[in-house]
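To start, the structure under review is shown below, and the notes come after it.
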Amino acid sequence: MRFSDSPNQLQFFLRERTKELTALHKTARLMQDDSRPIADLLAEVVVLLPPAWQYPEVTAARISIGGLDIKTPEFRGSPWMMSAEIQIIGGEPGSIEVVYLEERPDSVEGPFLAEERELIESLAEMLRNYLQHRLAIEEIKKANDNLERLVQERTLELSTTNAALQSQILEHERAQQEIVAYQKQLRKLAAELSLSEARDRRAIASDLHDHIGQALAFIRMKVSGFRGETVFCGFEESTSEILALLDQTIQYTRTLTFQISPPVLYELGLGASLDWLAEQFIKKHHFQVETIIPRNIGRLPEEIEVFAFRSVQEILTNAVKHAKANRVQIKLGLAANNLEITAEDDGIGFTPRQADSASIDGGFGLFSIRERLTHLGGSILIDSAPGRGARLILKIPFAPETRQQ
């Protein structure tokens, strides 16, 4: 797609890119839920495809993966088809197909735009990553269930076989050691998946900023450049509308970029990113958030900064959704090669044992934080009771040589 000085062509280009961005954004939102059936997710994703293409009124789509074949009602074979493969390690291959049910003018790839090729490839890659993640979770759960079943069988044998008591005790100890080792592996994998997710988010946010954001800015510059001439051509009102729409879309793209992965976390570090996060919560939820950041915090390893940022984000979210707090204070400190995060709120409080269960409302966030801290060799102290707010202290160890002043 080449840029042109025609307002109609600029409007067309902007409209098509906005449709593509909307499809990517909505798909990413759907993929944030790991608990829903895959067939349900694919059924929602396939509905997002036709509106994102140039001629939605004659567009149909299908997603095939494994034994699943999800398609829009009007889908059928067509000579005007665009497809992208979905290759999953350890799983069956699949594909995304988009067809035009009627002939349309030729473009770059048959009747399809070059940007539509990039869009379908991006969607295929997003689905591949999501399905690979789900497959890994299922394999981990299956292995964990098998291991727990093995422990139960060994325990039953110990209770019924007195003659082999000593050998069964040794077997039980071995199984327990395997459980501990496997739990360590699970925590390590969870940490790697979390860091990989953060990097994927950063890559998506970078693509939005570097490609769509810059393209929009370039379009705005071009439109502004010939704005004065449109007075004589009768396009002054259209040009103003285009500029207003461009400003809205640029702002939306920037907001979406920060929601997916705040650049300030990677560019300026944990301290600046927490200040930014506090400002966002203040603007969105209208309650007080105070951050106390020491000047000598420096830069820490990426894994530590990402985990600390997400932990504070989860704590602030809980303060809004569950604690009904009016004020939250976040304080950072460094002591004995530990990053210490203290969070205090004036909310309704809770019983600390709720944080030990993932089944209690509001408990999964703290449960997840505790599990990650265990993997990192850290700890969490929770001081709370119903009616008197909450105070949380997270201690996250790090190697001194990895810190940058």
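Chain labels follow the order of the structure tokens: the first chain is A, the next B, and so on; residue numbering restarts at 1 in every chain, and ligands are counted from 1 in their shown order.
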What's around A:Asn129 at 10 Å? Count only C-alpha atoms, leave out sequence neighbours fewer than 5 positions away in its own chain, and write the answer as an mmCIF file with C-alpha atoms, in the first residue's frame.
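Result written to out37.cif:
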```cif
data_model
loop_
_atom_site.group_PDB
_atom_site.id
_atom_site.type_symbol
_atom_site.label_atom_id
_atom_site.label_comp_id
_atom_site.auth_asym_id
_atom_site.auth_seq_id
_atom_site.Cartn_x
_atom_site.Cartn_y
_atom_site.Cartn_z
ATOM 1 C CA MET A 31 -5.951 -15.397 24.626
ATOM 2 C CA ILE A 86 -0.186 -23.215 12.342
ATOM 3 C CA GLN A 87 2.718 -25.488 13.294
ATOM 4 C CA ILE A 88 2.674 -26.774 16.890
ATOM 5 C CA LEU A 123 -2.797 -14.294 13.792
ATOM 6 C CA ALA A 124 -1.394 -17.731 12.940
ATOM 7 C CA ARG A 134 -1.952 -24.727 26.379
ATOM 8 C CA LEU A 135 -0.343 -27.973 25.225
ATOM 9 C CA GLU A 197 5.046 -14.028 27.813
ATOM 10 C CA ASP A 200 6.185 -11.678 23.546
#
```
>> If we count only C-alpha atoms and set the cut-off at 12 Å, which residues sit around A:Val45, ignoring sequence neighbours fewer than 2 positions away in its own chain? Please answer as a ChimeraX atom specification.
In response: /A:22-31,38-43,47-52,61-64,70-72,96,120,123-124,126-127
For the selection just defined, write its residues with N, CA and C atoms to a file, as an mmCIF file, in the first residue's frame.
```cif
data_model
loop_
_atom_site.group_PDB
_atom_site.id
_atom_site.type_symbol
_atom_site.label_atom_id
_atom_site.label_comp_id
_atom_site.auth_asym_id
_atom_site.auth_seq_id
_atom_site.Cartn_x
_atom_site.Cartn_y
_atom_site.Cartn_z
ATOM 1 N N THR A 22 -7.728 -3.857 15.352
ATOM 2 C CA THR A 22 -8.822 -4.303 16.210
ATOM 3 C C THR A 22 -8.855 -5.828 16.302
ATOM 4 N N ALA A 23 -8.670 -6.510 15.161
ATOM 5 C CA ALA A 23 -8.664 -7.975 15.168
ATOM 6 C C ALA A 23 -7.524 -8.514 16.027
ATOM 7 N N LEU A 24 -6.321 -7.927 15.888
ATOM 8 C CA LEU A 24 -5.183 -8.372 16.696
ATOM 9 C C LEU A 24 -5.429 -8.121 18.169
ATOM 10 N N HIS A 25 -5.956 -6.940 18.488
ATOM 11 C CA HIS A 25 -6.187 -6.586 19.890
ATOM 12 C C HIS A 25 -7.220 -7.518 20.522
ATOM 13 N N LYS A 26 -8.353 -7.738 19.833
ATOM 14 C CA LYS A 26 -9.389 -8.591 20.398
ATOM 15 C C LYS A 26 -8.920 -10.032 20.532
ATOM 16 N N THR A 27 -8.128 -10.504 19.564
ATOM 17 C CA THR A 27 -7.587 -11.864 19.669
ATOM 18 C C THR A 27 -6.652 -11.985 20.863
ATOM 19 N N ALA A 28 -5.786 -10.976 21.060
ATOM 20 C CA ALA A 28 -4.876 -11.002 22.208
ATOM 21 C C ALA A 28 -5.658 -10.999 23.518
ATOM 22 N N ARG A 29 -6.761 -10.235 23.572
ATOM 23 C CA ARG A 29 -7.585 -10.207 24.784
ATOM 24 C C ARG A 29 -8.194 -11.585 25.060
ATOM 25 N N LEU A 30 -8.686 -12.246 24.013
ATOM 26 C CA LEU A 30 -9.274 -13.573 24.191
ATOM 27 C C LEU A 30 -8.247 -14.582 24.703
ATOM 28 N N MET A 31 -6.984 -14.430 24.269
ATOM 29 C CA MET A 31 -5.951 -15.397 24.626
ATOM 30 C C MET A 31 -5.408 -15.201 26.038
ATOM 31 N N ILE A 38 -10.612 -24.712 24.136
ATOM 32 C CA ILE A 38 -9.962 -24.188 22.927
ATOM 33 C C ILE A 38 -10.977 -23.989 21.807
ATOM 34 N N ALA A 39 -11.950 -24.910 21.701
ATOM 35 C CA ALA A 39 -12.953 -24.782 20.638
ATOM 36 C C ALA A 39 -13.749 -23.485 20.789
ATOM 37 N N ASP A 40 -14.080 -23.111 22.032
ATOM 38 C CA ASP A 40 -14.826 -21.862 22.256
ATOM 39 C C ASP A 40 -13.994 -20.658 21.843
ATOM 40 N N LEU A 41 -12.695 -20.672 22.199
ATOM 41 C CA LEU A 41 -11.824 -19.550 21.829
ATOM 42 C C LEU A 41 -11.717 -19.428 20.301
ATOM 43 N N LEU A 42 -11.505 -20.561 19.610
ATOM 44 C CA LEU A 42 -11.376 -20.511 18.156
ATOM 45 C C LEU A 42 -12.671 -20.029 17.513
ATOM 46 N N ALA A 43 -13.821 -20.401 18.108
ATOM 47 C CA ALA A 43 -15.104 -19.958 17.560
ATOM 48 C C ALA A 43 -15.239 -18.447 17.638
ATOM 49 N N VAL A 47 -14.758 -15.504 14.117
ATOM 50 C CA VAL A 47 -15.747 -14.459 13.828
ATOM 51 C C VAL A 47 -15.078 -13.099 13.653
ATOM 52 N N LEU A 48 -13.879 -12.926 14.272
ATOM 53 C CA LEU A 48 -13.177 -11.647 14.159
ATOM 54 C C LEU A 48 -12.500 -11.462 12.802
ATOM 55 N N LEU A 49 -12.342 -12.548 12.029
ATOM 56 C CA LEU A 49 -11.548 -12.459 10.799
ATOM 57 C C LEU A 49 -12.246 -11.701 9.666
ATOM 58 N N PRO A 50 -13.483 -12.052 9.274
ATOM 59 C CA PRO A 50 -14.086 -11.337 8.125
ATOM 60 C C PRO A 50 -14.102 -9.820 8.266
ATOM 61 N N PRO A 51 -14.483 -9.237 9.430
ATOM 62 C CA PRO A 51 -14.498 -7.767 9.524
ATOM 63 C C PRO A 51 -13.134 -7.122 9.348
ATOM 64 N N ALA A 52 -12.036 -7.894 9.504
ATOM 65 C CA ALA A 52 -10.695 -7.323 9.403
ATOM 66 C C ALA A 52 -10.191 -7.274 7.962
ATOM 67 N N ALA A 61 -14.328 -17.348 6.776
ATOM 68 C CA ALA A 61 -13.059 -17.803 7.359
ATOM 69 C C ALA A 61 -13.228 -19.167 8.022
ATOM 70 N N ARG A 62 -12.087 -19.853 8.136
ATOM 71 C CA ARG A 62 -12.063 -21.150 8.814
ATOM 72 C C ARG A 62 -10.726 -21.314 9.536
ATOM 73 N N ILE A 63 -10.800 -21.923 10.754
ATOM 74 C CA ILE A 63 -9.602 -22.284 11.503
ATOM 75 C C ILE A 63 -9.650 -23.783 11.754
ATOM 76 N N SER A 64 -8.630 -24.499 11.281
ATOM 77 C CA SER A 64 -8.554 -25.948 11.466
ATOM 78 C C SER A 64 -7.307 -26.271 12.266
ATOM 79 N N ILE A 70 -13.344 -25.096 12.773
ATOM 80 C CA ILE A 70 -14.240 -23.997 13.130
ATOM 81 C C ILE A 70 -14.321 -23.026 11.957
ATOM 82 N N LYS A 71 -15.536 -22.698 11.534
ATOM 83 C CA LYS A 71 -15.666 -21.798 10.386
ATOM 84 C C LYS A 71 -16.922 -20.945 10.521
ATOM 85 N N THR A 72 -16.927 -19.840 9.784
ATOM 86 C CA THR A 72 -18.120 -18.999 9.744
ATOM 87 C C THR A 72 -19.197 -19.711 8.918
ATOM 88 N N ILE A 96 -5.158 -21.302 9.144
ATOM 89 C CA ILE A 96 -6.201 -20.279 9.074
ATOM 90 C C ILE A 96 -6.473 -20.022 7.589
ATOM 91 N N ILE A 120 -2.752 -12.186 8.594
ATOM 92 C CA ILE A 120 -3.069 -13.607 8.769
ATOM 93 C C ILE A 120 -1.863 -14.373 9.319
ATOM 94 N N LEU A 123 -1.769 -13.546 13.071
ATOM 95 C CA LEU A 123 -2.797 -14.294 13.792
ATOM 96 C C LEU A 123 -2.411 -15.764 13.936
ATOM 97 N N ALA A 124 -1.833 -16.332 12.867
ATOM 98 C CA ALA A 124 -1.394 -17.731 12.940
ATOM 99 C C ALA A 124 -0.304 -17.908 13.989
ATOM 100 N N MET A 126 0.177 -15.968 16.652
ATOM 101 C CA MET A 126 -0.437 -15.802 17.972
ATOM 102 C C MET A 126 -1.151 -17.088 18.401
ATOM 103 N N LEU A 127 -1.886 -17.710 17.472
ATOM 104 C CA LEU A 127 -2.567 -18.957 17.803
ATOM 105 C C LEU A 127 -1.566 -20.071 18.089
#
```
>> So that I can see what lies close to stretch 320-330 of chain A, please list as a count of residues only the residues with an atom at most 9 Å from it, counting only C-alpha atoms and leaving out residues fewer than 4 positions away in the same chain.
In response: 28
> So which bits of stretch 73-164 of chain A end up strand (DSSP E or B) when you DSSP the backbone, as a VMD selection string?
Replying inline: chain A and resid 80 to 86 94 to 100 109 112
Mind writing the picked residues with C-alpha atoms as a CSV table (one decimal), in the first residue's frame?
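New file selection_10.csv:
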```
chain,number,residue,atom,x,y,z
A,80,TRP,CA,-9.9,-16.4,-3.9
A,81,MET,CA,-8.3,-17.8,-0.8
A,82,MET,CA,-5.5,-16.7,1.6
A,83,SER,CA,-4.2,-19.1,4.2
A,84,ALA,CA,-1.4,-19.5,6.9
A,85,GLU,CA,-0.2,-22.6,8.6
A,86,ILE,CA,-0.2,-23.2,12.3
A,94,GLY,CA,-3.5,-26.6,11.5
A,95,SER,CA,-4.3,-23.5,9.4
A,96,ILE,CA,-6.2,-20.3,9.1
A,97,GLU,CA,-8.1,-19.7,5.8
A,98,VAL,CA,-9.8,-16.6,4.6
A,99,VAL,CA,-11.8,-16.6,1.4
A,100,TYR,CA,-13.7,-14.1,-0.8
A,109,GLU,CA,-1.9,-11.3,-3.6
A,112,PHE,CA,-5.8,-9.5,-1.1
```
Compile the contact shell of A:Glu157 as a compact mmCIF listing (two decimals) with C-alpha atoms, in the first residue's frame: residues with an atom at most 12 Å away, counting only C-alpha atoms, same-chain residues fewer than 4 positions apart removed.
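The resulting selection_6.txt:
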```txt
# COMPACT_ATOMS: atom_id res chain seq x y z
CA LEU A 150 2.20 -43.09 41.74
CA VAL A 151 2.67 -41.64 45.23
CA GLN A 152 -0.82 -42.79 46.27
CA GLU A 153 -0.11 -46.30 45.02
CA THR A 161 2.71 -54.79 53.14
CA ASN A 162 4.40 -55.11 56.53
CA ALA A 163 6.92 -57.62 55.23
CA ALA A 164 8.42 -55.08 52.83
CA LEU A 165 8.21 -52.11 55.20
CA GLN A 166 11.82 -50.96 54.89
CA SER A 167 11.97 -51.19 51.12
CA GLN A 168 8.64 -49.39 50.81
CA ILE A 169 9.85 -46.58 53.06
CA GLU A 171 10.63 -46.11 47.74
CA HIS A 172 8.39 -43.52 49.35
```
>> Please determine, counting only C-alpha atoms, which residue among A:Gln32, A:Thr249, A:Thr317, A:Ser311 has the shortest atom-to-atom distance to A:Ser368.
In response: A:Ser311
>> Report, in Å with one decimal, the straight-line distance from atom CA of A:Glu371 to atom CA of A:Glu125.
In response: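 We find that atom CA of A:Glu371 and atom CA of A:Glu125 lie 29.3 Å from each other.
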Using only C-alpha atoms, which residues sit within 8 Å of stretch 395-401 of chain A once same-chain residues fewer than 2 positions away are excluded, as a compact mmCIF listing (two decimals) with N, CA and C atoms, in the first residue's frame?
```
# COMPACT_ATOMS: atom_id res chain seq x y z
N LEU A 300 17.98 -3.87 37.70
CA LEU A 300 18.08 -5.23 38.18
C LEU A 300 17.88 -6.18 36.99
N PRO A 301 18.15 -7.50 37.17
CA PRO A 301 17.92 -8.44 36.06
C PRO A 301 16.49 -8.35 35.54
N ILE A 304 13.76 -10.23 37.39
CA ILE A 304 13.40 -9.63 38.68
C ILE A 304 12.49 -8.41 38.46
N ASN A 337 21.28 -7.80 49.43
CA ASN A 337 21.09 -8.41 48.11
C ASN A 337 19.65 -8.89 47.90
N ASN A 338 18.71 -8.19 48.50
CA ASN A 338 17.29 -8.45 48.30
C ASN A 338 16.59 -7.18 47.87
N LEU A 339 15.70 -7.33 46.89
CA LEU A 339 14.78 -6.24 46.57
C LEU A 339 13.56 -6.42 47.46
N GLU A 340 13.25 -5.41 48.24
CA GLU A 340 12.14 -5.50 49.19
C GLU A 340 11.01 -4.57 48.74
N ILE A 341 9.81 -5.14 48.58
CA ILE A 341 8.64 -4.38 48.18
C ILE A 341 7.63 -4.42 49.33
N LEU A 373 7.89 -16.52 44.03
CA LEU A 373 8.89 -16.15 45.02
C LEU A 373 9.63 -17.38 45.53
N LEU A 376 12.23 -18.24 43.11
CA LEU A 376 13.34 -17.28 43.13
C LEU A 376 14.12 -17.31 44.44
N GLY A 377 13.63 -18.09 45.43
CA GLY A 377 14.30 -18.13 46.73
C GLY A 377 13.92 -16.98 47.64
N GLY A 378 12.80 -16.33 47.35
CA GLY A 378 12.36 -15.20 48.15
C GLY A 378 11.25 -15.58 49.12
N SER A 379 10.56 -14.58 49.64
CA SER A 379 9.50 -14.82 50.61
C SER A 379 8.49 -13.69 50.57
N ILE A 380 7.31 -13.96 51.14
CA ILE A 380 6.27 -12.94 51.25
C ILE A 380 5.69 -13.00 52.66
N ILE A 393 4.90 -7.69 52.45
CA ILE A 393 6.33 -7.45 52.26
C ILE A 393 6.88 -8.58 51.39
N ARG A 403 23.29 -6.32 39.29
CA ARG A 403 22.67 -5.01 39.46
C ARG A 403 23.49 -3.94 38.77
N GLN A 404 22.78 -3.01 38.07
CA GLN A 404 23.44 -1.90 37.40
C GLN A 404 23.04 -0.60 38.10
```
>> Neighbouring residues of A:Arg295 were defined as those with any atom within 12 Å, considering only C-alpha atoms; residues of the same chain fewer than 4 positions away were excluded. Please report them as a PyMOL selection string.
In response: chain A and resi 269-272+299+332-334+405
> Could you state the separation of atom CA of A:Ile65 and atom CA of A:Thr18 in Å, given to one decimal place?
Replying inline: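 Computed distance, atom CA of A:Ile65 to atom CA of A:Thr18, equals 27.7 Å.
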> In Å to one decimal, how far is atom CA of A:Glu173 from atom CA of A:Glu148?
Replying inline: 13.7 Å
> Looking at only C-alpha atoms, which of A:His133, A:Arg117, A:Arg370, A:Lys283 is the one that sits closest to A:Ile382?
Replying inline: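 Looking at the shortest contact to A:Ile382, the residue is A:Arg370.
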